[in-house]
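Remarks on the structure that follows.
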Amino acid sequence: MAAPAVPVESSEAEEAVPVRKSKKKLFIIAGALVVLLGGGGAGAWFFMHGAHDTKEKAAEPAKPPVYLPLETFTVNLQGGEQYLQTDITLQVADPAQVEDIKLHMPRVRSRLLTLLSSKQADELVTPDDKKKLAQEILAQMKLPFDPNGKPQQVDDVLFTTFVIQ
């Protein structure tokens with residue numbers, strides 16, 4: 001016996017009209033993924049290379065300081081019979097500054113002798129007084145030697161001896 005026939009119309013009708021899904025939603029999701037991944041990749045690249053550059057700069061060794069010792073200064077102090085004897089060393093930016101200062105050493109000594117001899121013994125007693133004097137010497141050293149010249153690059157003034165009698 002043969003099996004009864006099943007109505008074919010209903011199953012053929014379902015196959016004939018396929019269900020259409022919107023591709024618009026798919027394109028929006030794909031576009032958002034591209035933007036997020038591209039932005040994330042660019043951000044990661046930026047931060048990785050930025051951190052790499054900082055490490056290279058930090059790994060660079062610092063330049064050793066350049067010192068220029070000056071000859072001993074002996075001056076009479078104001079207001080009495082006392083005198084100051086001191087040795088001063090300058091810390092400068094580079095060897096070119098050393099040569100420039102050596103070239104103008106008479107002017108350097110004149111400036112510093114004038115400054116030191118204008119002081120009184122009681123102005124040079126405490127460590128703060130000596131720091132103040134070092135700042136005054138630094139200001140004198142930074143002044144240009146020539147009227148239209150550029151200032152020297154002196155970083156610090158160091159006293160290696162300091163005697164008041």
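Chain identifiers are assigned as A, B, and so on, following the order in which chains appear in the structure tokens; residues are numbered from 1 within each chain, and ligands are numbered from 1 in order of appearance.
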
> Which residues come within 12 Å of region 123-139 of chain A, counting only C-alpha atoms, excluding same-chain residues fewer than 4 positions away, as a PyMOL selection string?
Replying inline: chain A and resi 77-79+82-92+108-119+143-144+151-165
